[in-house]
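**Student:** Sharing final-v3.cif here; it has mmCIF, C-alpha atoms, pLDDT in the B column; chains and numbers go by the auth columns.
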```
data_query
#
loop_
_atom_site.group_PDB
_atom_site.id
_atom_site.type_symbol
_atom_site.label_atom_id
_atom_site.label_comp_id
_atom_site.label_asym_id
_atom_site.label_seq_id
_atom_site.Cartn_x
_atom_site.Cartn_y
_atom_site.Cartn_z
_atom_site.B_iso_or_equiv
_atom_site.auth_seq_id
_atom_site.auth_asym_id
ATOM 1 C CA MET A 1 27.760 -42.871 -7.572 41.00 1 F
ATOM 2 C CA LYS A 2 25.224 -40.060 -7.767 40.00 2 F
ATOM 3 C CA THR A 3 24.716 -39.989 -4.017 38.00 3 F
ATOM 4 C CA ALA A 4 28.426 -39.781 -3.332 40.00 4 F
ATOM 5 C CA PHE A 5 28.797 -36.920 -5.800 42.00 5 F
ATOM 6 C CA ARG A 6 25.975 -34.888 -4.304 41.00 6 F
ATOM 7 C CA LYS A 7 27.273 -35.284 -0.754 43.00 7 F
ATOM 8 C CA ALA A 8 30.851 -34.408 -1.681 49.00 8 F
ATOM 9 C CA SER A 9 30.104 -31.431 -3.910 62.00 9 F
ATOM 10 C CA ILE A 10 28.959 -27.864 -3.815 63.00 10 F
ATOM 11 C CA PRO A 11 26.261 -27.290 -6.478 62.00 11 F
ATOM 12 C CA PHE A 12 28.280 -25.850 -9.310 58.00 12 F
ATOM 13 C CA PHE A 13 25.588 -23.680 -10.869 51.00 13 F
ATOM 14 C CA THR A 14 25.323 -21.542 -7.720 50.00 14 F
ATOM 15 C CA PHE A 15 28.786 -20.157 -8.253 47.00 15 F
ATOM 16 C CA LEU A 16 28.865 -19.534 -11.984 49.00 16 F
ATOM 17 C CA ILE A 17 30.488 -16.166 -12.686 39.00 17 F
ATOM 18 C CA ALA A 18 29.988 -14.236 -15.902 39.00 18 F
ATOM 19 C CA ALA A 19 32.911 -14.037 -18.282 37.00 19 F
ATOM 20 C CA SER A 20 35.035 -10.908 -18.183 38.00 20 F
ATOM 21 C CA LEU A 21 38.178 -9.462 -19.703 39.00 21 F
ATOM 22 C CA ALA A 22 41.420 -11.203 -18.808 39.00 22 F
ATOM 23 C CA LEU A 23 42.980 -9.936 -15.603 40.00 23 F
ATOM 24 C CA ALA A 24 46.487 -8.564 -15.788 45.00 24 F
ATOM 25 C CA SER A 25 48.121 -10.333 -12.835 62.00 25 F
ATOM 26 C CA ASP A 26 49.740 -13.724 -12.433 82.00 26 F
ATOM 27 C CA PRO A 27 47.088 -16.445 -12.282 93.00 27 F
ATOM 28 C CA PRO A 28 46.089 -17.344 -8.704 94.00 28 F
ATOM 29 C CA TRP A 29 46.510 -21.065 -9.328 95.00 29 F
ATOM 30 C CA LYS A 30 50.253 -20.560 -9.844 93.00 30 F
ATOM 31 C CA GLY A 31 51.014 -19.734 -6.220 86.00 31 F
ATOM 32 C CA LYS A 32 48.374 -17.806 -4.306 92.00 32 F
ATOM 33 C CA PRO A 33 46.976 -19.977 -1.484 93.00 33 F
ATOM 34 C CA TYR A 34 43.367 -21.045 -2.036 93.00 34 F
ATOM 35 C CA PRO A 35 42.120 -19.481 1.249 93.00 35 F
ATOM 36 C CA GLU A 36 43.374 -16.073 0.044 95.00 36 F
ATOM 37 C CA TRP A 37 41.522 -16.062 -3.264 96.00 37 F
ATOM 38 C CA ASN A 38 39.207 -13.092 -3.767 96.00 38 F
ATOM 39 C CA ASP A 39 36.364 -12.530 -6.229 96.00 39 F
ATOM 40 C CA LYS A 40 38.746 -11.472 -9.005 95.00 40 F
ATOM 41 C CA ASP A 41 40.764 -14.658 -8.586 96.00 41 F
ATOM 42 C CA ILE A 42 37.616 -16.770 -8.699 96.00 42 F
ATOM 43 C CA GLN A 43 36.340 -14.899 -11.724 95.00 43 F
ATOM 44 C CA ARG A 44 39.583 -15.543 -13.541 95.00 44 F
ATOM 45 C CA VAL A 45 39.258 -19.290 -13.023 97.00 45 F
ATOM 46 C CA PHE A 46 35.804 -19.318 -14.585 96.00 46 F
ATOM 47 C CA SER A 47 36.449 -16.874 -17.402 94.00 47 F
ATOM 48 C CA ASP A 48 40.151 -16.893 -18.273 94.00 48 F
ATOM 49 C CA SER A 49 41.799 -20.188 -17.402 97.00 49 F
ATOM 50 C CA PRO A 50 42.702 -23.492 -19.097 98.00 50 F
ATOM 51 C CA TRP A 51 39.810 -25.127 -17.210 98.00 51 F
ATOM 52 C CA ALA A 52 37.094 -22.919 -18.724 98.00 52 F
ATOM 53 C CA ARG A 53 35.825 -23.030 -22.280 98.00 53 F
ATOM 54 C CA LYS A 54 32.944 -21.554 -24.281 96.00 54 F
ATOM 55 C CA ALA A 55 31.053 -23.020 -27.216 96.00 55 F
ATOM 56 C CA THR A 56 28.580 -21.072 -29.354 95.00 56 F
ATOM 57 C CA ILE A 57 26.027 -23.015 -31.366 93.00 57 F
ATOM 58 C CA THR A 58 22.914 -22.216 -33.355 92.00 58 F
ATOM 59 C CA ARG A 59 19.740 -23.330 -31.611 90.00 59 F
ATOM 60 C CA THR A 60 17.741 -25.862 -33.597 89.00 60 F
ATOM 61 C CA TRP A 61 15.253 -26.939 -30.936 86.00 61 F
ATOM 62 C CA ALA A 62 11.676 -25.787 -30.539 79.00 62 F
ATOM 63 C CA ALA A 63 10.447 -23.868 -27.520 72.00 63 F
ATOM 64 C CA VAL A 64 9.898 -25.869 -24.365 71.00 64 F
ATOM 65 C CA THR A 65 6.217 -26.536 -23.705 69.00 65 F
ATOM 66 C CA GLN A 66 4.350 -25.975 -20.476 67.00 66 F
ATOM 67 C CA LYS A 67 3.873 -29.692 -19.847 68.00 67 F
ATOM 68 C CA GLU A 68 7.630 -30.289 -20.148 63.00 68 F
ATOM 69 C CA LEU A 69 8.273 -28.110 -17.105 64.00 69 F
ATOM 70 C CA PRO A 70 8.112 -29.458 -13.518 59.00 70 F
ATOM 71 C CA ASN A 71 4.597 -30.141 -12.288 52.00 71 F
ATOM 72 C CA ASN A 72 4.274 -26.891 -10.409 42.00 72 F
ATOM 73 C CA PRO A 73 2.771 -23.802 -12.092 36.00 73 F
ATOM 74 C CA GLN A 74 4.945 -21.520 -9.976 34.00 74 F
ATOM 75 C CA LEU A 75 8.077 -22.942 -11.606 33.00 75 F
ATOM 76 C CA SER A 76 7.294 -21.839 -15.134 33.00 76 F
ATOM 77 C CA GLY A 77 10.316 -19.856 -16.293 34.00 77 F
ATOM 78 C CA ALA A 78 11.375 -19.181 -12.713 33.00 78 F
ATOM 79 C CA GLY A 79 14.816 -20.731 -12.797 37.00 79 F
ATOM 80 C CA ARG A 80 18.045 -20.108 -14.680 37.00 80 F
ATOM 81 C CA GLY A 81 18.398 -22.437 -17.621 46.00 81 F
ATOM 82 C CA THR A 82 14.714 -23.126 -18.295 43.00 82 F
ATOM 83 C CA PRO A 83 13.038 -20.327 -20.292 46.00 83 F
ATOM 84 C CA THR A 84 9.367 -19.502 -20.010 45.00 84 F
ATOM 85 C CA PRO A 85 7.426 -21.340 -22.754 45.00 85 F
ATOM 86 C CA GLY A 86 7.396 -19.244 -25.897 45.00 86 F
ATOM 87 C CA SER A 87 9.982 -16.740 -24.664 49.00 87 F
ATOM 88 C CA ALA A 88 12.640 -15.165 -26.890 40.00 88 F
ATOM 89 C CA ASN A 89 15.264 -17.466 -25.382 49.00 89 F
ATOM 90 C CA ASP A 90 13.629 -20.366 -27.197 49.00 90 F
ATOM 91 C CA ASN A 91 13.886 -18.983 -30.733 62.00 91 F
ATOM 92 C CA ALA A 92 15.398 -21.546 -33.081 68.00 92 F
ATOM 93 C CA GLY A 93 18.123 -20.047 -35.247 75.00 93 F
ATOM 94 C CA ASN A 94 19.562 -17.802 -32.552 87.00 94 F
ATOM 95 C CA ASP A 95 23.105 -18.294 -31.326 91.00 95 F
ATOM 96 C CA LEU A 96 23.533 -19.671 -27.829 93.00 96 F
ATOM 97 C CA THR A 97 26.736 -19.833 -25.761 95.00 97 F
ATOM 98 C CA PHE A 98 27.521 -22.683 -23.392 96.00 98 F
ATOM 99 C CA ASP A 99 30.048 -22.482 -20.561 97.00 99 F
ATOM 100 C CA ILE A 100 32.013 -25.701 -20.120 98.00 100 F
ATOM 101 C CA TYR A 101 34.284 -26.368 -17.126 98.00 101 F
ATOM 102 C CA TRP A 102 36.700 -29.134 -16.184 98.00 102 F
ATOM 103 C CA ALA A 103 35.163 -29.307 -12.727 97.00 103 F
ATOM 104 C CA SER A 104 37.116 -32.217 -11.236 98.00 104 F
ATOM 105 C CA SER A 105 40.323 -30.177 -11.155 97.00 105 F
ATOM 106 C CA ARG A 106 41.716 -28.771 -7.914 97.00 106 F
ATOM 107 C CA VAL A 107 41.569 -25.287 -9.407 97.00 107 F
ATOM 108 C CA VAL A 108 37.861 -25.291 -10.253 97.00 108 F
ATOM 109 C CA ARG A 109 37.005 -27.030 -6.981 97.00 109 F
ATOM 110 C CA ALA A 110 39.010 -24.434 -5.059 97.00 110 F
ATOM 111 C CA ALA A 111 37.272 -21.569 -6.862 96.00 111 F
ATOM 112 C CA THR A 112 33.857 -23.120 -6.217 95.00 112 F
ATOM 113 C CA ALA A 113 34.610 -23.670 -2.530 95.00 113 F
ATOM 114 C CA ARG A 114 36.085 -20.205 -2.053 95.00 114 F
ATOM 115 C CA LYS A 115 32.986 -18.657 -3.641 95.00 115 F
ATOM 116 C CA ALA A 116 30.839 -20.673 -1.239 94.00 116 F
ATOM 117 C CA ILE A 117 32.714 -19.143 1.676 94.00 117 F
ATOM 118 C CA LEU A 118 32.632 -15.564 0.387 94.00 118 F
ATOM 119 C CA HIS A 119 29.014 -15.539 -0.769 92.00 119 F
ATOM 120 C CA GLY A 120 27.331 -18.769 0.295 86.00 120 F
ATOM 121 C CA GLY A 121 27.740 -18.725 4.047 85.00 121 F
ATOM 122 C CA LYS A 122 29.987 -21.826 4.080 85.00 122 F
ATOM 123 C CA ASN A 123 32.416 -20.361 6.598 86.00 123 F
ATOM 124 C CA ASP A 124 33.378 -23.733 8.055 88.00 124 F
ATOM 125 C CA LEU A 125 34.463 -25.126 4.667 90.00 125 F
ATOM 126 C CA ASP A 126 38.136 -26.110 4.366 93.00 126 F
ATOM 127 C CA VAL A 127 39.026 -24.914 0.856 93.00 127 F
ATOM 128 C CA GLY A 128 42.306 -26.783 0.585 92.00 128 F
ATOM 129 C CA LYS A 129 40.815 -30.052 1.790 94.00 129 F
ATOM 130 C CA TYR A 130 37.819 -29.741 -0.530 95.00 130 F
ATOM 131 C CA ALA A 131 39.949 -28.827 -3.543 95.00 131 F
ATOM 132 C CA SER A 132 42.408 -31.687 -2.989 94.00 132 F
ATOM 133 C CA GLN A 133 39.835 -34.389 -2.305 95.00 133 F
ATOM 134 C CA PRO A 134 40.591 -37.218 -4.775 94.00 134 F
ATOM 135 C CA GLN A 135 38.085 -37.497 -7.608 96.00 135 F
ATOM 136 C CA GLU A 136 37.438 -40.981 -8.964 95.00 136 F
ATOM 137 C CA GLU A 137 36.409 -39.662 -12.380 98.00 137 F
ATOM 138 C CA TYR A 138 36.917 -36.621 -14.570 98.00 138 F
ATOM 139 C CA GLN A 139 33.968 -34.233 -14.348 98.00 139 F
ATOM 140 C CA VAL A 140 32.959 -31.741 -17.033 98.00 140 F
ATOM 141 C CA VAL A 141 30.161 -29.260 -16.295 98.00 141 F
ATOM 142 C CA VAL A 142 27.933 -27.765 -19.010 97.00 142 F
ATOM 143 C CA GLN A 143 25.818 -24.658 -18.408 96.00 143 F
ATOM 144 C CA SER A 144 23.862 -22.122 -20.451 94.00 144 F
ATOM 145 C CA GLU A 145 21.058 -19.600 -20.084 92.00 145 F
ATOM 146 C CA ASP A 146 18.922 -22.040 -22.098 92.00 146 F
ATOM 147 C CA MET A 147 19.060 -25.653 -20.880 93.00 147 F
ATOM 148 C CA THR A 148 16.029 -26.771 -22.908 92.00 148 F
ATOM 149 C CA PRO A 149 17.707 -29.909 -24.353 93.00 149 F
ATOM 150 C CA PHE A 150 18.470 -31.070 -20.828 94.00 150 F
ATOM 151 C CA VAL A 151 14.904 -30.373 -19.711 91.00 151 F
ATOM 152 C CA ARG A 152 13.589 -32.388 -22.621 90.00 152 F
ATOM 153 C CA HIS A 153 15.943 -35.391 -22.314 92.00 153 F
ATOM 154 C CA ASP A 154 17.114 -37.310 -19.276 94.00 154 F
ATOM 155 C CA GLU A 155 20.655 -37.982 -18.094 96.00 155 F
ATOM 156 C CA LYS A 156 20.861 -41.381 -19.775 95.00 156 F
ATOM 157 C CA SER A 157 20.290 -39.913 -23.218 94.00 157 F
ATOM 158 C CA PHE A 158 23.204 -37.499 -22.809 95.00 158 F
ATOM 159 C CA GLN A 159 25.433 -40.190 -21.358 96.00 159 F
ATOM 160 C CA ALA A 160 25.064 -42.109 -24.612 93.00 160 F
ATOM 161 C CA GLY A 161 26.072 -39.124 -26.740 92.00 161 F
ATOM 162 C CA ALA A 162 29.041 -37.686 -24.833 97.00 162 F
ATOM 163 C CA PHE A 163 32.739 -38.517 -24.885 98.00 163 F
ATOM 164 C CA LEU A 164 36.250 -37.188 -24.399 98.00 164 F
ATOM 165 C CA GLU A 165 38.741 -37.718 -27.214 98.00 165 F
ATOM 166 C CA PRO A 166 42.474 -37.231 -26.596 97.00 166 F
ATOM 167 C CA LYS A 167 44.135 -36.025 -29.790 95.00 167 F
ATOM 168 C CA LYS A 168 47.161 -38.312 -29.565 93.00 168 F
ATOM 169 C CA SER A 169 45.547 -41.623 -28.627 92.00 169 F
ATOM 170 C CA LYS A 170 42.293 -40.926 -30.497 92.00 170 F
ATOM 171 C CA GLN A 171 40.588 -43.354 -28.105 93.00 171 F
ATOM 172 C CA LYS A 172 37.139 -42.030 -27.298 96.00 172 F
ATOM 173 C CA ILE A 173 36.370 -42.029 -23.576 98.00 173 F
ATOM 174 C CA ALA A 174 32.641 -42.609 -23.160 97.00 174 F
ATOM 175 C CA ALA A 175 30.755 -40.896 -20.344 98.00 175 F
ATOM 176 C CA SER A 176 30.080 -43.244 -17.434 98.00 176 F
ATOM 177 C CA HIS A 177 27.076 -41.219 -16.277 97.00 177 F
ATOM 178 C CA VAL A 178 25.541 -37.741 -16.214 98.00 178 F
ATOM 179 C CA VAL A 179 24.030 -35.895 -13.252 97.00 179 F
ATOM 180 C CA TYR A 180 21.768 -32.863 -13.536 97.00 180 F
ATOM 181 C CA GLU A 181 21.935 -30.122 -10.928 96.00 181 F
ATOM 182 C CA HIS A 182 18.777 -28.216 -10.033 94.00 182 F
ATOM 183 C CA ASP A 183 18.016 -25.010 -8.199 90.00 183 F
ATOM 184 C CA GLU A 184 15.694 -24.812 -5.213 89.00 184 F
ATOM 185 C CA LYS A 185 12.717 -24.588 -7.567 87.00 185 F
ATOM 186 C CA GLY A 186 13.539 -27.734 -9.469 89.00 186 F
ATOM 187 C CA GLN A 187 14.921 -26.183 -12.655 89.00 187 F
ATOM 188 C CA VAL A 188 17.873 -27.790 -14.443 93.00 188 F
ATOM 189 C CA THR A 189 20.837 -25.450 -14.071 94.00 189 F
ATOM 190 C CA ALA A 190 23.828 -27.622 -14.960 96.00 190 F
ATOM 191 C CA ALA A 191 24.746 -31.000 -16.397 97.00 191 F
ATOM 192 C CA VAL A 192 27.759 -32.806 -14.944 98.00 192 F
ATOM 193 C CA PHE A 193 29.405 -35.366 -17.232 98.00 193 F
ATOM 194 C CA PHE A 194 31.564 -38.078 -15.628 98.00 194 F
ATOM 195 C CA PHE A 195 34.379 -39.894 -17.470 98.00 195 F
ATOM 196 C CA PRO A 196 36.636 -42.705 -16.193 98.00 196 F
ATOM 197 C CA LYS A 197 40.250 -41.901 -15.413 97.00 197 F
ATOM 198 C CA LYS A 198 41.411 -45.444 -16.141 96.00 198 F
ATOM 199 C CA THR A 199 40.686 -48.100 -18.721 94.00 199 F
ATOM 200 C CA ALA A 200 39.477 -51.580 -17.835 91.00 200 F
ATOM 201 C CA SER A 201 43.125 -52.695 -17.789 93.00 201 F
ATOM 202 C CA GLY A 202 44.103 -49.921 -15.377 93.00 202 F
ATOM 203 C CA GLU A 203 45.845 -47.645 -17.871 94.00 203 F
ATOM 204 C CA PRO A 204 45.208 -43.871 -17.764 96.00 204 F
ATOM 205 C CA THR A 205 42.537 -42.779 -20.234 97.00 205 F
ATOM 206 C CA ILE A 206 44.382 -39.468 -20.705 97.00 206 F
ATOM 207 C CA GLY A 207 48.132 -39.862 -20.965 95.00 207 F
ATOM 208 C CA THR A 208 50.568 -37.414 -19.403 94.00 208 F
ATOM 209 C CA ASP A 209 51.828 -36.479 -22.885 95.00 209 F
ATOM 210 C CA GLU A 210 48.397 -35.507 -24.261 96.00 210 F
ATOM 211 C CA LYS A 211 48.288 -31.914 -25.494 96.00 211 F
ATOM 212 C CA SER A 212 44.621 -31.708 -26.471 98.00 212 F
ATOM 213 C CA VAL A 213 41.442 -33.400 -25.280 98.00 213 F
ATOM 214 C CA GLU A 214 38.121 -32.695 -26.989 98.00 214 F
ATOM 215 C CA PHE A 215 34.861 -32.753 -25.060 98.00 215 F
ATOM 216 C CA ASN A 216 31.983 -33.699 -27.342 97.00 216 F
ATOM 217 C CA CYS A 217 28.300 -33.722 -26.407 95.00 217 F
ATOM 218 C CA LYS A 218 25.359 -34.346 -28.743 92.00 218 F
ATOM 219 C CA LEU A 219 22.486 -31.893 -28.312 90.00 219 F
ATOM 220 C CA GLU A 220 19.244 -31.628 -30.294 83.00 220 F
ATOM 221 C CA GLY A 221 20.960 -31.205 -33.644 81.00 221 F
ATOM 222 C CA PRO A 222 24.362 -29.570 -33.106 87.00 222 F
ATOM 223 C CA ASN A 223 27.228 -30.958 -31.073 91.00 223 F
ATOM 224 C CA LEU A 224 28.992 -29.119 -28.288 95.00 224 F
ATOM 225 C CA ARG A 225 32.717 -29.349 -28.972 96.00 225 F
ATOM 226 C CA VAL A 226 35.547 -27.710 -27.073 98.00 226 F
ATOM 227 C CA ASN A 227 39.225 -28.519 -26.678 98.00 227 F
ATOM 228 C CA PHE A 228 41.056 -28.571 -23.363 98.00 228 F
ATOM 229 C CA GLU A 229 44.860 -28.486 -23.181 98.00 229 F
ATOM 230 C CA PRO A 230 46.102 -30.750 -20.355 97.00 230 F
ATOM 231 C CA GLN A 231 49.671 -29.423 -20.593 97.00 231 F
ATOM 232 C CA LYS A 232 48.358 -26.016 -19.526 97.00 232 F
ATOM 233 C CA MET A 233 46.000 -27.355 -16.857 97.00 233 F
ATOM 234 C CA VAL A 234 48.620 -27.182 -14.120 96.00 234 F
ATOM 235 C CA ASP A 235 48.628 -25.502 -10.736 94.00 235 F
ATOM 236 C CA ASN A 236 51.441 -25.151 -8.165 90.00 236 F
ATOM 237 C CA GLN A 237 50.952 -28.819 -7.205 93.00 237 F
ATOM 238 C CA GLY A 238 51.244 -30.203 -10.734 94.00 238 F
ATOM 239 C CA PRO A 239 48.731 -31.461 -13.327 95.00 239 F
ATOM 240 C CA ALA A 240 45.172 -30.568 -12.305 96.00 240 F
ATOM 241 C CA LEU A 241 42.580 -32.538 -14.199 96.00 241 F
#
```
Would you write out, as structure tokens, the structure that this file holds?
**Tutor:**
Amino acid sequence: MKTAFRKASIPFFTFLIAASLALASDPPWKGKPYPEWNDKDIQRVFSDSPWARKATITRTWAAVTQKELPNNPQLSGAGRGTPTPGSANDNAGNDLTFDIYWASSRVVRAATARKAILHGGKNDLDVGKYASQPQEEYQVVVQSEDMTPFVRHDEKSFQAGAFLEPKKSKQKIAASHVVYEHDEKGQVTAAVFFFPKKTASGEPTIGTDEKSVEFNCKLEGPNLRVNFEPQKMVDNQGPAL
């Protein structure tokens, strides 16, 4: 499963765009063709759309130690997400904001692919084909300027502590697996959480009438919790989860 994901995806962390004020035009996912999206359209997806959420928590973890970093002295503090040992980013008690994206949706995939074309040299990428490629599982991406908990614990530990919970059914959907993304220097930059779309009996895990789905992930102390609204996660082709 991991291999298939890596081959079929564009590393999400590369195209993270800082949050901004809401833009005053109609949302691009309501009608503007994917190949015509510009930087403002992409920014709106990642900062002002039903597929993007933020969660602010209070850090409770200690600073990452030198020996917890990759075994290369040149990597110390070099990458986004892994602070230099002892840096201000590690201070317990400070607030920290996480960006959380419903990355399996056509909308987020289109924005990621379009960004790759505009700024990543992927000129031969077919945005529409990439965005519409069927996804076997729901994917939720977690990112922050401080990814210390993910440096300190492996994917399996986060798989055990993450779930989606639809408000109506109240049936917790456990993560099937978690994949970390890394930059070229080996630093953890994003965590991708995978959740099944169907139950063992073949029923949808998220019904078409669900109005709220909570993503919940256990960190080192606090939980990341954000609510997505499936009824609003719709593009010009229909529901986009």
**Student:** For Ala160 of chain F, work out the shell of residues within 9 Å, counting all atoms listed in the file and skipping chain neighbours fewer than 3 positions away, then give it as a PyMOL selection string.
**Tutor:** chain F and resi 155-157+163+174-177+218
**Student:** Let me know the residues the PyMOL selection byres ((chain F and resi 36) around 12) catches in the file above, as number ranges by chain.
**Tutor:** F: 28-29, 31-35, 37-42, 110-111, 113-115, 117-118, 127-128
**Student:** Need the neighbours of (44.9, -34.6, -13.2): which residues are at most 10 Å away, counting only C-alpha atoms, as a ChimeraX atom specification?
**Tutor:** /F:104-106,134-135,137-138,197,206-208,230,233-234,238-241
**Student:** Kindly give the distance, in Å, that separates atom CA of Arg59 of chain F and atom CA of Val142 of chain F, rounded to a single decimal.
**Tutor:**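 Those two atoms sit 15.7 Å apart.
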**Student:** Measuring atom to atom with all atoms listed in the file, identify which of F:Val108, F:Val179, F:Leu96, F:Gly202 is nearest to Asp48 of chain F.
**Tutor:**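 Of the candidates, the smallest distance to Asp48 of chain F is held by F:Val108.
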**Student:** What is the distance between atom CA of Ser201 of chain F and atom CA of Gln133 of chain F, in Å to one decimal?
**Tutor:** 24.2 Å
**Student:** Counting all atoms listed in the file, which residue out of F:Ala63, F:Leu219, F:Ala103, F:Gly121 sits closest to Asp154 of chain F?
**Tutor:**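 Checking each candidate against Asp154 of chain F, we get F:Leu219 as the closest.
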**Student:** Of the residues F:Glu184, F:Asp235, F:Ser144, F:Phe215, which is the one nearest to Val45 of chain F, using all atoms listed in the file?
**Tutor:**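 Of F:Glu184, F:Asp235, F:Ser144, F:Phe215, the one nearest Val45 of chain F is F:Asp235, counting all atoms listed in the file.
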**Student:** Which residues of segment 28-62 of chain F have any atom within 12 Å of an atom in segment 146-151 of chain F when counting all atoms listed in the file, and what is the closest pair of atoms for each, with the distance in Å to one decimal? Order the rows by chain and rising number and write it as a tab-separated table.
**Tutor:**
```
residue	atom	partner	partner_atom	distance
F:Ile57	CA	F:Asp146	CA	11.7
F:Thr58	CA	F:Asp146	CA	11.9
F:Arg59	CA	F:Asp146	CA	9.6
F:Thr60	CA	F:Pro149	CA	10.1
F:Trp61	CA	F:Pro149	CA	7.6
F:Ala62	CA	F:Thr148	CA	8.8
```
**Student:** Have a look at atom CA of Val178 of chain F and atom CA of Asn123 of chain F and let me know their distance in Å, one decimal.
**Tutor:**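 Atom CA of Val178 of chain F sits 29.5 Å away from atom CA of Asn123 of chain F.
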**Student:** If we count all atoms listed in the file and set the cut-off at 8 Å, which residues sit around Gln231 of chain F, ignoring sequence neighbours fewer than 4 positions away in its own chain? Please answer as a ChimeraX atom specification.
**Tutor:** /F:209-211,239
**Student:** With distances taken over only C-alpha atoms, which of F:Gln187, F:Lys122, F:Lys54, F:Phe194 is nearest to Glu136 of chain F?
**Tutor:**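 Answer, going by the shortest atom-to-atom distance: F:Phe194.
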**Student:** Nearest to Glu181 of chain F among F:Ala116, F:Val141, F:Val226, F:Ala52, with distances taken over all atoms listed in the file: which residue is it?
**Tutor:**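 Of F:Ala116, F:Val141, F:Val226, F:Ala52, the one nearest Glu181 of chain F, counting all atoms listed in the file, is F:Val141.
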**Student:** How would you write, as an mmCIF file with C-alpha atoms, keeping the file's coordinate frame, the residues chosen by the PyMOL selection byres ((chain F and resi 165) around 12) on this structure?
**Tutor:**
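Full text of out-v1.cif as output:
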```cif
data_model
loop_
_atom_site.group_PDB
_atom_site.id
_atom_site.type_symbol
_atom_site.label_atom_id
_atom_site.label_comp_id
_atom_site.auth_asym_id
_atom_site.auth_seq_id
_atom_site.Cartn_x
_atom_site.Cartn_y
_atom_site.Cartn_z
ATOM 1 C CA ALA F 162 29.041 -37.686 -24.833
ATOM 2 C CA PHE F 163 32.739 -38.517 -24.885
ATOM 3 C CA LEU F 164 36.250 -37.188 -24.399
ATOM 4 C CA PRO F 166 42.474 -37.231 -26.596
ATOM 5 C CA LYS F 167 44.135 -36.025 -29.790
ATOM 6 C CA LYS F 168 47.161 -38.312 -29.565
ATOM 7 C CA SER F 169 45.547 -41.623 -28.627
ATOM 8 C CA LYS F 170 42.293 -40.926 -30.497
ATOM 9 C CA GLN F 171 40.588 -43.354 -28.105
ATOM 10 C CA LYS F 172 37.139 -42.030 -27.298
ATOM 11 C CA ILE F 173 36.370 -42.029 -23.576
ATOM 12 C CA ALA F 174 32.641 -42.609 -23.160
ATOM 13 C CA ALA F 175 30.755 -40.896 -20.344
ATOM 14 C CA PHE F 195 34.379 -39.894 -17.470
ATOM 15 C CA THR F 205 42.537 -42.779 -20.234
ATOM 16 C CA ILE F 206 44.382 -39.468 -20.705
ATOM 17 C CA GLY F 207 48.132 -39.862 -20.965
ATOM 18 C CA GLU F 210 48.397 -35.507 -24.261
ATOM 19 C CA LYS F 211 48.288 -31.914 -25.494
ATOM 20 C CA SER F 212 44.621 -31.708 -26.471
ATOM 21 C CA VAL F 213 41.442 -33.400 -25.280
ATOM 22 C CA GLU F 214 38.121 -32.695 -26.989
ATOM 23 C CA PHE F 215 34.861 -32.753 -25.060
ATOM 24 C CA ASN F 216 31.983 -33.699 -27.342
ATOM 25 C CA CYS F 217 28.300 -33.722 -26.407
ATOM 26 C CA ARG F 225 32.717 -29.349 -28.972
ATOM 27 C CA VAL F 226 35.547 -27.710 -27.073
ATOM 28 C CA ASN F 227 39.225 -28.519 -26.678
ATOM 29 C CA PHE F 228 41.056 -28.571 -23.363
ATOM 30 C CA GLU F 229 44.860 -28.486 -23.181
#
```
**Student:** Please determine an axis-aligned box that encloses all atoms of segment 129-138 of chain F listed in the file, with 8 Å added on each side, and express its centre and edge lengths in Å to one decimal as AutoDock Vina command-line options.
**Tutor:**
```
--center_x 39.4 --center_y -34.9 --center_z -6.4 --size_x 22.0 --size_y 28.2 --size_z 32.4
```
**Student:** Between F:Asp124, F:Glu220, F:Asp99, F:Asp26, single out the one closest to Thr189 of chain F, counting only C-alpha atoms.
**Tutor:**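 Of all the options, F:Asp99 lies closest to Thr189 of chain F.
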